[in-house]
Every structure is written in C-alpha cells, then in structure tokens.
>>> print(open('work.txt').read())   # compact mmCIF, C-alpha atoms and all ligand atoms
# COMPACT_ATOMS: atom_id res chain seq x y z
CA MET G 284 31.73 -2.18 -22.78
CA TYR G 285 28.26 -0.71 -22.53
CA ILE G 286 25.33 -1.00 -20.12
CA ASP G 287 21.65 -0.86 -21.10
CA THR G 288 20.15 0.58 -17.92
CA HIS G 289 16.53 0.15 -19.02
CA ALA G 290 14.93 -2.48 -21.26
CA HIS G 291 11.90 -4.74 -21.24
CA LEU G 292 13.38 -7.81 -22.89
CA TYR G 293 10.91 -10.08 -21.07
CA LEU G 294 7.91 -8.80 -23.09
CA GLU G 295 6.26 -10.94 -25.76
CA GLU G 296 7.95 -8.91 -28.52
CA PHE G 297 11.10 -10.92 -27.73
CA GLU G 298 9.53 -14.31 -27.09
CA GLU G 299 10.54 -15.77 -30.46
CA ASP G 300 14.17 -14.73 -30.71
CA ILE G 301 15.52 -13.62 -27.34
CA ASP G 302 18.61 -15.83 -27.74
CA LEU G 303 19.51 -14.00 -30.95
CA VAL G 304 18.88 -10.60 -29.36
CA VAL G 305 21.21 -11.51 -26.49
CA GLU G 306 23.83 -12.71 -28.95
CA LEU G 307 23.67 -9.42 -30.88
CA MET G 308 23.82 -7.51 -27.63
CA VAL G 309 26.97 -9.28 -26.48
CA GLU G 310 28.52 -8.74 -29.93
CA ALA G 311 27.78 -5.02 -29.56
CA GLU G 312 29.63 -5.06 -26.22
CA VAL G 313 26.47 -4.40 -24.23
CA GLU G 314 27.37 -6.58 -21.27
CA HIS G 315 24.61 -5.87 -18.78
CA VAL G 316 20.95 -4.97 -19.08
CA TYR G 317 18.66 -3.81 -16.27
CA LEU G 318 15.00 -4.76 -16.55
CA PRO G 319 12.26 -2.64 -14.95
CA ASN G 320 9.00 -4.36 -14.09
CA VAL G 321 5.60 -3.13 -15.35
CA ASP G 322 2.99 -4.69 -13.06
CA SER G 323 1.85 -8.03 -11.61
CA SER G 324 1.19 -9.46 -15.08
CA SER G 325 4.85 -9.08 -16.15
CA ILE G 326 6.53 -10.53 -13.05
CA GLU G 327 6.55 -14.16 -14.15
CA SER G 328 8.34 -13.52 -17.44
CA LEU G 329 10.66 -10.98 -15.80
CA MET G 330 11.75 -13.49 -13.17
CA GLY G 331 12.02 -16.24 -15.79
CA ILE G 332 14.31 -14.38 -18.15
CA THR G 333 16.58 -13.04 -15.42
CA GLU G 334 16.93 -16.61 -14.18
CA ASP G 335 17.88 -17.76 -17.73
CA TYR G 336 20.44 -14.96 -18.21
CA LYS G 337 21.60 -14.44 -14.64
CA GLU G 338 25.00 -13.02 -15.58
CA ILE G 339 23.75 -10.24 -17.82
CA MET G 340 20.12 -9.45 -16.93
CA HIS G 341 19.18 -7.81 -13.65
CA PRO G 342 15.57 -7.38 -12.52
CA MET G 343 13.87 -4.45 -10.81
CA MET G 344 10.56 -4.56 -9.02
CA GLY G 345 7.81 -1.94 -8.92
CA ILE G 346 4.50 -0.89 -10.47
CA HIS G 347 4.48 1.38 -13.54
CA PRO G 348 2.27 4.51 -13.21
CA CYS G 349 0.13 3.41 -16.17
CA SER G 350 -0.81 0.31 -14.15
CA ILE G 351 -1.99 2.36 -11.16
CA LYS G 352 -5.77 1.96 -11.39
CA GLU G 353 -8.69 0.89 -9.16
CA ASN G 354 -6.74 -2.14 -7.93
CA TYR G 355 -3.48 -0.34 -7.24
CA LYS G 356 -3.32 -1.40 -3.59
CA GLN G 357 -3.36 -5.02 -4.64
CA GLU G 358 -0.72 -4.38 -7.31
CA LEU G 359 1.50 -2.65 -4.78
CA SER G 360 1.19 -5.44 -2.25
CA ILE G 361 2.31 -8.02 -4.82
CA ALA G 362 5.39 -5.97 -5.73
CA GLU G 363 6.14 -5.38 -2.07
CA LYS G 364 6.05 -9.10 -1.38
CA TYR G 365 8.55 -9.79 -4.18
CA LEU G 366 10.87 -7.05 -2.96
CA ALA G 367 10.87 -8.65 0.47
CA THR G 368 11.62 -12.15 -0.78
CA SER G 369 13.83 -11.86 -3.89
CA GLU G 370 16.88 -9.86 -4.87
CA PHE G 371 16.44 -6.80 -7.09
CA CYS G 372 18.85 -4.13 -8.29
CA ALA G 373 16.30 -1.30 -8.01
CA VAL G 374 12.67 -0.31 -7.50
CA GLY G 375 11.17 0.38 -10.92
CA GLU G 376 9.71 1.51 -12.94
CA ILE G 377 7.68 3.96 -10.90
CA GLY G 378 6.50 7.54 -11.38
CA ILE G 379 3.75 9.64 -12.90
CA ASP G 380 2.20 9.48 -16.38
CA LEU G 381 -0.32 12.17 -17.32
CA PHE G 382 -0.11 11.54 -21.06
CA TRP G 383 -2.43 8.58 -21.34
CA ASP G 384 -4.87 9.10 -18.51
CA LYS G 385 -5.22 11.58 -15.64
CA THR G 386 -8.04 9.71 -13.90
CA PHE G 387 -5.78 8.18 -11.28
CA TYR G 388 -3.39 11.09 -10.76
CA LYS G 389 -3.96 11.12 -7.00
CA GLU G 390 -3.38 7.38 -6.78
CA GLN G 391 -0.28 7.68 -8.99
CA LEU G 392 1.18 10.24 -6.60
CA GLU G 393 0.42 8.03 -3.62
CA ALA G 394 1.87 4.91 -5.25
CA PHE G 395 4.98 6.81 -6.34
CA GLU G 396 5.61 8.02 -2.81
CA ILE G 397 4.99 4.59 -1.29
CA GLN G 398 7.43 2.96 -3.69
CA ILE G 399 10.11 5.60 -3.10
CA GLU G 400 9.85 4.84 0.60
CA TRP G 401 10.36 1.12 -0.17
CA ALA G 402 13.54 2.05 -2.03
CA ARG G 403 14.72 4.11 0.93
CA ASP G 404 14.02 1.27 3.39
CA LEU G 405 15.71 -1.34 1.17
CA LYS G 406 18.61 1.01 0.32
CA LEU G 407 17.91 0.53 -3.38
CA PRO G 408 17.94 3.08 -6.20
CA PHE G 409 14.71 3.67 -8.12
CA VAL G 410 13.95 4.22 -11.77
CA ILE G 411 11.47 6.96 -12.64
CA HIS G 412 9.04 7.08 -15.52
CA SER G 413 7.50 10.46 -16.22
CA ARG G 414 5.43 11.60 -19.14
CA ASP G 415 3.90 15.08 -19.24
CA SER G 416 4.83 15.16 -15.57
CA LEU G 417 8.53 15.90 -15.20
CA ASP G 418 8.03 18.81 -12.77
CA GLU G 419 5.64 16.71 -10.70
CA THR G 420 8.10 13.81 -10.43
CA ILE G 421 11.05 16.10 -9.66
CA ASN G 422 8.97 17.82 -6.97
CA MET G 423 8.13 14.48 -5.38
CA VAL G 424 11.79 13.42 -5.27
CA GLN G 425 12.76 16.84 -3.90
CA LYS G 426 10.13 16.53 -1.17
CA LEU G 427 11.42 13.11 -0.07
CA GLN G 428 15.19 13.49 -0.64
CA LYS G 429 17.06 13.46 2.64
CA GLY G 430 20.36 12.59 1.00
CA ASP G 431 19.71 8.86 1.02
CA LEU G 432 17.76 8.50 -2.25
CA ASN G 433 19.24 7.89 -5.68
CA GLY G 434 18.04 6.78 -9.06
CA ILE G 435 17.44 7.55 -12.71
CA PHE G 436 14.98 9.82 -14.48
CA HIS G 437 14.57 7.40 -17.34
CA CYS G 438 14.11 8.55 -20.94
CA PHE G 439 14.99 12.14 -20.07
CA ASN G 440 13.14 14.61 -22.25
CA GLY G 441 13.22 17.76 -20.13
CA THR G 442 14.77 21.19 -20.33
CA HIS G 443 18.29 22.16 -19.28
CA ASP G 444 16.90 23.66 -16.06
CA GLN G 445 14.98 20.49 -15.22
CA GLY G 446 18.19 18.56 -15.85
CA MET G 447 20.04 20.80 -13.41
CA ARG G 448 17.37 20.28 -10.76
CA ILE G 449 17.80 16.54 -11.20
CA ARG G 450 21.56 16.86 -10.90
CA ASP G 451 21.20 18.93 -7.73
CA LEU G 452 19.08 16.13 -6.25
CA GLY G 453 21.92 13.70 -6.93
CA PHE G 454 19.97 11.80 -9.58
CA LEU G 455 20.92 10.56 -13.03
CA ILE G 456 19.20 10.90 -16.40
CA GLY G 457 18.71 8.05 -18.87
CA ILE G 458 19.62 8.88 -22.47
CA GLY G 459 17.73 6.80 -25.02
CA GLY G 460 16.82 6.57 -28.70
CA ILE G 461 14.97 9.88 -28.77
CA ILE G 462 18.34 11.64 -28.77
CA THR G 463 18.54 10.54 -32.42
CA TYR G 464 15.13 12.05 -33.34
CA LYS G 465 15.37 15.27 -35.27
CA ASN G 466 12.79 17.36 -33.42
CA SER G 467 12.89 15.82 -29.95
CA GLY G 468 14.95 18.71 -28.53
CA VAL G 469 16.96 16.27 -26.42
CA LYS G 470 20.30 17.14 -28.03
CA GLU G 471 19.86 20.86 -27.37
CA ASN G 472 18.60 20.33 -23.82
CA ILE G 473 21.35 17.99 -22.59
CA LYS G 474 24.24 19.62 -24.43
CA LEU G 475 25.39 21.56 -21.36
CA LEU G 476 24.60 18.91 -18.75
CA PRO G 477 27.49 16.88 -17.30
CA LEU G 478 28.21 13.37 -18.58
CA GLU G 479 28.70 12.45 -14.89
CA MET G 480 24.88 12.37 -14.53
CA MET G 481 24.11 10.29 -17.64
CA VAL G 482 23.48 6.62 -18.34
CA LEU G 483 22.48 4.87 -21.57
CA GLU G 484 19.23 3.00 -22.11
CA THR G 485 17.12 1.58 -24.92
CA ASP G 486 13.67 1.12 -23.30
CA ALA G 487 13.42 -1.81 -25.73
CA PRO G 488 11.10 -2.77 -27.40
CA TYR G 489 10.06 0.92 -27.54
CA LEU G 490 11.69 4.11 -28.90
CA SER G 491 14.20 2.65 -31.37
CA PRO G 492 16.95 5.03 -32.43
CA VAL G 493 17.22 6.21 -36.03
CA PRO G 494 17.57 4.36 -38.48
CA PHE G 495 15.39 1.77 -36.72
CA ARG G 496 12.72 4.23 -35.58
CA GLY G 497 9.26 2.62 -35.64
CA LYS G 498 10.70 -0.90 -35.49
CA ARG G 499 11.34 -3.04 -32.42
CA ASN G 500 14.10 -1.64 -30.25
CA GLN G 501 16.87 -3.95 -29.01
CA SER G 502 19.70 -3.64 -26.50
CA ASN G 503 22.32 -3.99 -29.25
CA TYR G 504 21.35 -0.48 -30.45
CA ILE G 505 23.01 1.09 -27.40
CA PRO G 506 26.18 2.01 -29.38
CA ILE G 507 24.03 4.13 -31.76
CA ILE G 508 22.77 6.13 -28.79
CA ALA G 509 26.28 6.38 -27.31
CA ASP G 510 27.60 7.65 -30.62
CA GLN G 511 24.99 10.40 -30.80
CA LEU G 512 25.65 11.34 -27.17
CA ALA G 513 29.39 11.65 -27.85
CA THR G 514 28.67 13.92 -30.84
CA THR G 515 26.22 16.02 -28.84
CA LEU G 516 28.56 16.53 -25.89
CA GLU G 517 31.60 16.82 -28.16
CA VAL G 518 33.55 14.16 -26.29
CA LYS G 519 35.18 10.92 -27.45
CA LEU G 520 33.05 7.79 -27.71
CA GLU G 521 35.40 6.00 -25.28
CA LYS G 522 34.69 8.67 -22.69
CA VAL G 523 30.92 8.12 -23.05
CA GLN G 524 31.44 4.38 -22.81
CA GLU G 525 33.60 4.60 -19.70
CA MET G 526 31.60 7.21 -17.84
CA THR G 527 28.11 5.83 -18.49
CA THR G 528 29.27 2.35 -17.46
CA ALA G 529 30.83 3.70 -14.27
CA ASN G 530 27.68 5.71 -13.51
CA ALA G 531 25.46 2.65 -13.97
CA PHE G 532 27.61 0.39 -11.78
CA LYS G 533 27.86 3.06 -9.11
CA LEU G 534 24.08 3.23 -8.97
CA TYR G 535 23.06 -0.42 -9.38
CA GLY G 536 26.16 -1.93 -7.79
CA THR G 537 28.81 -3.90 -9.68
CA PRO G 538 27.34 -7.25 -10.77
CA LYS G 539 28.79 -10.27 -8.96
ZN ZN F 601 10.40 1.36 -19.48
>>> encode(input="work.txt", output="structure tokens", more="lines below")
Ligand SMILES: [Zn+2]
Amino acid sequence: MYIDTHAHLYLEEFEEDIDLVVELMVEAEVEHVYLPNVDSSSIESLMGITEDYKEIMHPMMGIHPCSIKENYKQELSIAEKYLATSEFCAVGEIGIDLFWDKTFYKEQLEAFEIQIEWARDLKLPFVIHSRDSLDETINMVQKLQKGDLNGIFHCFNGTHDQGMRIRDLGFLIGIGGIITYKNSGVKENIKLLPLEMMVLETDAPYLSPVPFRGKRNQSNYIPIIADQLATTLEVKLEKVQEMTTANAFKLYGTPK
C-alpha cells in the first residue's frame, strides 16, 4: 500500500469527478491521502470532502504562505479556531514563498513561526511549503527545534547538504512528481539521502509526474513517483512502499 502525504483533492479541479479519482486511487493501492489547507476560502470544501471520505482522507489546518497578505492576522485566527475545535492530523501547509511575491516576507516569517508554535502546543507535525526559500525555512525550524517538533519539507527540491540539515533536525522530505522531470536535479540531490527520511506525495492537482506532466495530477499517480524513487535509490519498489508508508504513519499517526 501507498500513502499520498500531500494533495489538494478538495479544490475545484476535482469537483466533477472526485468519486472516480478516489476509485482510481484505491485501485492503485493508495490507501490514505493527507490534505493540507490553503486559507480560509478552502476550509469549507476541505472539511466537506474529509467528512465524505473519512476513512481515507485526513485534513490539516494552516495558512499557506502565498495567502499571507494584509489580512493575515484574520486568516490566522480562523485557522486557529478550527485547530482548537476540530481534529487535524497536522498543521499545514505553512512556510515561506519568495517566488511569487516578496512584499509580505516579514509577515510570512511571523505567520510561519506562529503556526509552528501551534503545532508544538497541539503536539502535531507540520507540513512546510518553501519556494526560493529553503534555507530560510530550514533556519526557522532550526531556531525553534527543541526536540519536540516534527514534520515534512514538502516537495523537496534542495541540495544534498540541505537534505542533510533537514535530516539532522529530525524532519522528513516529501518526494513528488518533479523527481520524474529531466532537469529538476531532484534525482541527483536525493540519491545519497536515506529512505528513512522520505515520504511520497503528489501535491495534486499540481506537478504531475511524467508522462502526465502539464495535466491535472491525481493521487493514483503515486506509484509512478515510487517507481522513480526506487530506481534513483537503487532499492526494490517494495522497500520504498514499506518505508514511505511507515514514515508517514509514524509522523501523522496510524489512522483509526
Ligand atoms: Zn500543497
């Protein structure tokens, strides 16, 4: 069995045919999928879909760095309220994104730190988004790590050394569709990192693996990513399957 540790199946891209996508996912032996929130506008559909597919879909709560703008305090207070009143498997997705817009960098840092402290207080893992900001996000985690924080650097696209820093912090990296892209560098960079720190993810509907690149991503493509990871690390597919599943359950808890 496989786990998709990161997908946004509640977005409108899946509105029409989510039942089919779930069917394909189960056929592909992807038995659990973990859904990070984006911001206050996505909460209703996130909560709706995880209610519909309780056994296989597990919600997170947090505010994505690209949604940290003028009104970020209000956004944070909404997420905080949900975390206090409903059950979530993690705080996410949170982090720093300097690719799209640097205007709110200071606020992004503040919001990231606030949300990490929520995770600490609630004894939850957290899922990190970083784009053009991997050193900044690693530095933040390093600053706050007192041995009680854990989580995933989702969609890992860093160097071997950055991967080692993440491992030393006790964190995991999410391996997604970009491992199948020719010039992404992911294969070369993760080759010598331990499988013990890796989990699989799609980030659906984004970042489809080859040969579906450019089309909508779906959780049933996880085996394609697993296959490429096995080839890259030169281990058996079964080993990837077993270890990434164990890593995901260890972090998120075994589903009831
Ligand atoms: Zn995401």
>>> residues_around(input="work.txt", residues="Asp302 in chain G", least_positions_apart="4", cutoff="12 Å", atoms="all atoms listed in the file", output="NGL selection string")
:G and (292-293 or 297-298 or 306-309 or 332 or 335-336)
>>> residues_around(input="work.txt", residues="range 431-443 of chain G", least_positions_apart="2", cutoff="6 Å", atoms="only C-alpha atoms", output="PyMOL selection string")
chain G and resi 408-412+428-429+445-446+454-459+469+472
>>> atom_distance(input="work.txt", atom1="CA of His291 in chain G", atom2="CA of Val424 in chain G")
24.2 Å
>>> residues_near_ligand(input="work.txt", ligand="ligand ZN 601 (chain F)", cutoff="9 Å", atoms="only C-alpha atoms and all ligand atoms", output="PyMOL selection string")
chain G and resi 289-291+318-321+347+375-376+410-412+437-438+485-489
>>> closest_residue(input="work.txt", among="G:His341, G:Lys522, G:Lys474, G:Lys465", to="Pro492 in chain G", atoms="only C-alpha atoms")
G:Lys465
>>> axis_aligned_box(input="work.txt", around="range 431-440 of chain G", padding_each_side="4 Å", output="AutoDock Vina command-line options")
--center_x 16.4 --center_y 10.7 --center_z -10.6 --size_x 14.6 --size_y 15.8 --size_z 31.3
>>> closest_residue(input="work.txt", among="G:Met526, G:Leu417, G:Met330, G:Phe387", to="Met284 in chain G", atoms="all atoms listed in the file")
G:Met526
>>> closest_residue(input="work.txt", among="G:Asp451, G:Glu419, G:Glu390, G:Glu310", to="Ile351 in chain G", atoms="only C-alpha atoms")
G:Glu390
>>> residues_around(input="work.txt", residues="range 352-364 of chain G", least_positions_apart="5", cutoff="9 Å", atoms="all atoms listed in the file", output="VMD selection string")
chain G and resid 322 to 323 326 344 to 346 369 386 to 387 390 to 391 394 397 to 398 401
>>> atom_distance(input="work.txt", atom1="CA of Glu471 in chain G", atom2="CA of Ala513 in chain G")
13.3 Å
>>> closest_residue(input="work.txt", among="G:Lys470, G:Lys426, G:Arg414, G:Lys498", to="Leu381 in chain G", atoms="all atoms listed in the file")
G:Arg414
>>> closest_residue(input="work.txt", among="G:Leu478, G:Leu490, G:Leu483, G:Leu392", to="Val518 in chain G", atoms="only C-alpha atoms")
G:Leu478
>>> atom_distance(input="work.txt", atom1="CA of Ala529 in chain G", atom2="CA of Val482 in chain G")
8.9 Å
>>> decode(input="work.txt", residues="range 324-340 of chain G", atoms="all heavy atoms", output="PDB file, in the first residue's frame")
ATOM      1  N   SER G 324     -10.607  30.422   2.562  1.00  0.00           N
ATOM      2  CA  SER G 324     -11.540  30.152   1.464  1.00  0.00           C
ATOM      3  C   SER G 324     -11.626  28.662   1.116  1.00  0.00           C
ATOM      4  O   SER G 324     -12.563  28.223   0.453  1.00  0.00           O
ATOM      5  CB  SER G 324     -11.136  30.947   0.213  1.00  0.00           C
ATOM      6  OG  SER G 324      -9.948  30.417  -0.326  1.00  0.00           O
ATOM      7  N   SER G 325     -10.653  27.867   1.540  1.00  0.00           N
ATOM      8  CA  SER G 325     -10.653  26.441   1.174  1.00  0.00           C
ATOM      9  C   SER G 325     -11.175  25.539   2.289  1.00  0.00           C
ATOM     10  O   SER G 325     -11.343  24.329   2.083  1.00  0.00           O
ATOM     11  CB  SER G 325      -9.239  26.007   0.774  1.00  0.00           C
ATOM     12  OG  SER G 325      -8.309  26.298   1.796  1.00  0.00           O
ATOM     13  N   ILE G 326     -11.442  26.124   3.469  1.00  0.00           N
ATOM     14  CA  ILE G 326     -11.770  25.283   4.629  1.00  0.00           C
ATOM     15  C   ILE G 326     -13.078  24.504   4.434  1.00  0.00           C
ATOM     16  O   ILE G 326     -13.156  23.321   4.752  1.00  0.00           O
ATOM     17  CB  ILE G 326     -11.837  26.140   5.925  1.00  0.00           C
ATOM     18  CG1 ILE G 326     -10.442  26.694   6.236  1.00  0.00           C
ATOM     19  CG2 ILE G 326     -12.347  25.301   7.097  1.00  0.00           C
ATOM     20  CD1 ILE G 326     -10.366  27.594   7.451  1.00  0.00           C
ATOM     21  N   GLU G 327     -14.076  25.182   3.868  1.00  0.00           N
ATOM     22  CA  GLU G 327     -15.375  24.522   3.754  1.00  0.00           C
ATOM     23  C   GLU G 327     -15.286  23.255   2.898  1.00  0.00           C
ATOM     24  O   GLU G 327     -15.780  22.188   3.292  1.00  0.00           O
ATOM     25  CB  GLU G 327     -16.398  25.498   3.160  1.00  0.00           C
ATOM     26  CG  GLU G 327     -17.822  25.094   3.469  1.00  0.00           C
ATOM     27  CD  GLU G 327     -18.821  25.997   2.751  1.00  0.00           C
ATOM     28  OE1 GLU G 327     -18.638  27.233   2.806  1.00  0.00           O
ATOM     29  OE2 GLU G 327     -19.753  25.452   2.141  1.00  0.00           O
ATOM     30  N   SER G 328     -14.642  23.363   1.734  1.00  0.00           N
ATOM     31  CA  SER G 328     -14.552  22.168   0.880  1.00  0.00           C
ATOM     32  C   SER G 328     -13.607  21.129   1.472  1.00  0.00           C
ATOM     33  O   SER G 328     -13.836  19.927   1.336  1.00  0.00           O
ATOM     34  CB  SER G 328     -14.145  22.543  -0.550  1.00  0.00           C
ATOM     35  OG  SER G 328     -13.044  23.395  -0.546  1.00  0.00           O
ATOM     36  N   LEU G 329     -12.569  21.572   2.153  1.00  0.00           N
ATOM     37  CA  LEU G 329     -11.664  20.636   2.832  1.00  0.00           C
ATOM     38  C   LEU G 329     -12.424  19.814   3.877  1.00  0.00           C
ATOM     39  O   LEU G 329     -12.308  18.586   3.922  1.00  0.00           O
ATOM     40  CB  LEU G 329     -10.523  21.408   3.501  1.00  0.00           C
ATOM     41  CG  LEU G 329      -9.617  20.618   4.448  1.00  0.00           C
ATOM     42  CD1 LEU G 329      -8.729  19.645   3.676  1.00  0.00           C
ATOM     43  CD2 LEU G 329      -8.749  21.541   5.292  1.00  0.00           C
ATOM     44  N   MET G 330     -13.206  20.505   4.706  1.00  0.00           N
ATOM     45  CA  MET G 330     -13.925  19.805   5.763  1.00  0.00           C
ATOM     46  C   MET G 330     -15.008  18.911   5.170  1.00  0.00           C
ATOM     47  O   MET G 330     -15.275  17.822   5.667  1.00  0.00           O
ATOM     48  CB  MET G 330     -14.549  20.804   6.753  1.00  0.00           C
ATOM     49  CG  MET G 330     -13.535  21.683   7.473  1.00  0.00           C
ATOM     50  SD  MET G 330     -12.200  20.783   8.274  1.00  0.00           S
ATOM     51  CE  MET G 330     -12.946  20.434   9.866  1.00  0.00           C
ATOM     52  N   GLY G 331     -15.617  19.365   4.066  1.00  0.00           N
ATOM     53  CA  GLY G 331     -16.667  18.593   3.407  1.00  0.00           C
ATOM     54  C   GLY G 331     -16.141  17.275   2.864  1.00  0.00           C
ATOM     55  O   GLY G 331     -16.708  16.207   3.118  1.00  0.00           O
ATOM     56  N   ILE G 332     -15.051  17.341   2.146  1.00  0.00           N
ATOM     57  CA  ILE G 332     -14.537  16.130   1.486  1.00  0.00           C
ATOM     58  C   ILE G 332     -13.981  15.140   2.513  1.00  0.00           C
ATOM     59  O   ILE G 332     -14.136  13.924   2.360  1.00  0.00           O
ATOM     60  CB  ILE G 332     -13.469  16.488   0.412  1.00  0.00           C
ATOM     61  CG1 ILE G 332     -13.304  15.337  -0.571  1.00  0.00           C
ATOM     62  CG2 ILE G 332     -12.137  16.817   1.005  1.00  0.00           C
ATOM     63  CD1 ILE G 332     -12.424  15.662  -1.749  1.00  0.00           C
ATOM     64  N   THR G 333     -13.361  15.639   3.565  1.00  0.00           N
ATOM     65  CA  THR G 333     -12.815  14.709   4.560  1.00  0.00           C
ATOM     66  C   THR G 333     -13.937  14.079   5.385  1.00  0.00           C
ATOM     67  O   THR G 333     -13.762  13.005   5.961  1.00  0.00           O
ATOM     68  CB  THR G 333     -11.782  15.387   5.484  1.00  0.00           C
ATOM     69  OG1 THR G 333     -12.301  16.628   5.962  1.00  0.00           O
ATOM     70  CG2 THR G 333     -10.502  15.664   4.737  1.00  0.00           C
ATOM     71  N   GLU G 334     -15.094  14.731   5.402  1.00  0.00           N
ATOM     72  CA  GLU G 334     -16.271  14.137   6.035  1.00  0.00           C
ATOM     73  C   GLU G 334     -16.821  13.017   5.119  1.00  0.00           C
ATOM     74  O   GLU G 334     -17.196  11.947   5.583  1.00  0.00           O
ATOM     75  CB  GLU G 334     -17.323  15.241   6.259  1.00  0.00           C
ATOM     76  CG  GLU G 334     -18.535  14.837   7.069  1.00  0.00           C
ATOM     77  CD  GLU G 334     -18.190  14.326   8.463  1.00  0.00           C
ATOM     78  OE1 GLU G 334     -17.243  14.853   9.082  1.00  0.00           O
ATOM     79  OE2 GLU G 334     -18.867  13.376   8.911  1.00  0.00           O
ATOM     80  N   ASP G 335     -16.829  13.282   3.815  1.00  0.00           N
ATOM     81  CA  ASP G 335     -17.336  12.295   2.834  1.00  0.00           C
ATOM     82  C   ASP G 335     -16.457  11.045   2.755  1.00  0.00           C
ATOM     83  O   ASP G 335     -16.951   9.954   2.491  1.00  0.00           O
ATOM     84  CB  ASP G 335     -17.382  12.918   1.420  1.00  0.00           C
ATOM     85  CG  ASP G 335     -18.444  13.991   1.308  1.00  0.00           C
ATOM     86  OD1 ASP G 335     -19.302  14.065   2.215  1.00  0.00           O
ATOM     87  OD2 ASP G 335     -18.408  14.765   0.328  1.00  0.00           O
ATOM     88  N   TYR G 336     -15.147  11.239   2.903  1.00  0.00           N
ATOM     89  CA  TYR G 336     -14.205  10.112   2.754  1.00  0.00           C
ATOM     90  C   TYR G 336     -13.370   9.953   4.020  1.00  0.00           C
ATOM     91  O   TYR G 336     -12.138   9.900   3.966  1.00  0.00           O
ATOM     92  CB  TYR G 336     -13.280  10.342   1.556  1.00  0.00           C
ATOM     93  CG  TYR G 336     -13.985  10.416   0.239  1.00  0.00           C
ATOM     94  CD1 TYR G 336     -14.289  11.646  -0.338  1.00  0.00           C
ATOM     95  CD2 TYR G 336     -14.347   9.250  -0.442  1.00  0.00           C
ATOM     96  CE1 TYR G 336     -14.941  11.725  -1.561  1.00  0.00           C
ATOM     97  CE2 TYR G 336     -14.998   9.326  -1.653  1.00  0.00           C
ATOM     98  CZ  TYR G 336     -15.286  10.552  -2.212  1.00  0.00           C
ATOM     99  OH  TYR G 336     -15.922  10.625  -3.414  1.00  0.00           O
ATOM    100  N   LYS G 337     -14.076   9.875   5.125  1.00  0.00           N
ATOM    101  CA  LYS G 337     -13.442   9.827   6.452  1.00  0.00           C
ATOM    102  C   LYS G 337     -12.305   8.813   6.579  1.00  0.00           C
ATOM    103  O   LYS G 337     -11.294   9.087   7.215  1.00  0.00           O
ATOM    104  CB  LYS G 337     -14.514   9.437   7.465  1.00  0.00           C
ATOM    105  CG  LYS G 337     -14.994  10.576   8.305  1.00  0.00           C
ATOM    106  CD  LYS G 337     -15.719  10.031   9.526  1.00  0.00           C
ATOM    107  CE  LYS G 337     -16.500  11.155  10.161  1.00  0.00           C
ATOM    108  NZ  LYS G 337     -17.929  11.011  10.095  1.00  0.00           N
ATOM    109  N   GLU G 338     -12.507   7.646   5.992  1.00  0.00           N
ATOM    110  CA  GLU G 338     -11.558   6.541   6.180  1.00  0.00           C
ATOM    111  C   GLU G 338     -10.225   6.787   5.481  1.00  0.00           C
ATOM    112  O   GLU G 338      -9.202   6.279   5.907  1.00  0.00           O
ATOM    113  CB  GLU G 338     -12.122   5.231   5.614  1.00  0.00           C
ATOM    114  CG  GLU G 338     -13.567   4.990   5.918  1.00  0.00           C
ATOM    115  CD  GLU G 338     -13.739   4.393   7.303  1.00  0.00           C
ATOM    116  OE1 GLU G 338     -13.575   3.183   7.411  1.00  0.00           O
ATOM    117  OE2 GLU G 338     -14.023   5.146   8.257  1.00  0.00           O
ATOM    118  N   ILE G 339     -10.259   7.539   4.374  1.00  0.00           N
ATOM    119  CA  ILE G 339      -9.037   7.654   3.579  1.00  0.00           C
ATOM    120  C   ILE G 339      -8.463   9.069   3.497  1.00  0.00           C
ATOM    121  O   ILE G 339      -7.302   9.240   3.180  1.00  0.00           O
ATOM    122  CB  ILE G 339      -9.242   7.110   2.141  1.00  0.00           C
ATOM    123  CG1 ILE G 339     -10.492   7.691   1.507  1.00  0.00           C
ATOM    124  CG2 ILE G 339      -9.316   5.608   2.128  1.00  0.00           C
ATOM    125  CD1 ILE G 339     -10.640   7.270   0.046  1.00  0.00           C
ATOM    126  N   MET G 340      -9.285  10.092   3.763  1.00  0.00           N
ATOM    127  CA  MET G 340      -8.780  11.468   3.647  1.00  0.00           C
ATOM    128  C   MET G 340      -8.659  12.115   5.023  1.00  0.00           C
ATOM    129  O   MET G 340      -9.572  12.029   5.832  1.00  0.00           O
ATOM    130  CB  MET G 340      -9.728  12.293   2.778  1.00  0.00           C
ATOM    131  CG  MET G 340      -9.764  11.816   1.345  1.00  0.00           C
ATOM    132  SD  MET G 340     -10.535  13.047   0.296  1.00  0.00           S
ATOM    133  CE  MET G 340     -10.772  12.082  -1.198  1.00  0.00           C
TER     134      MET G 340
END
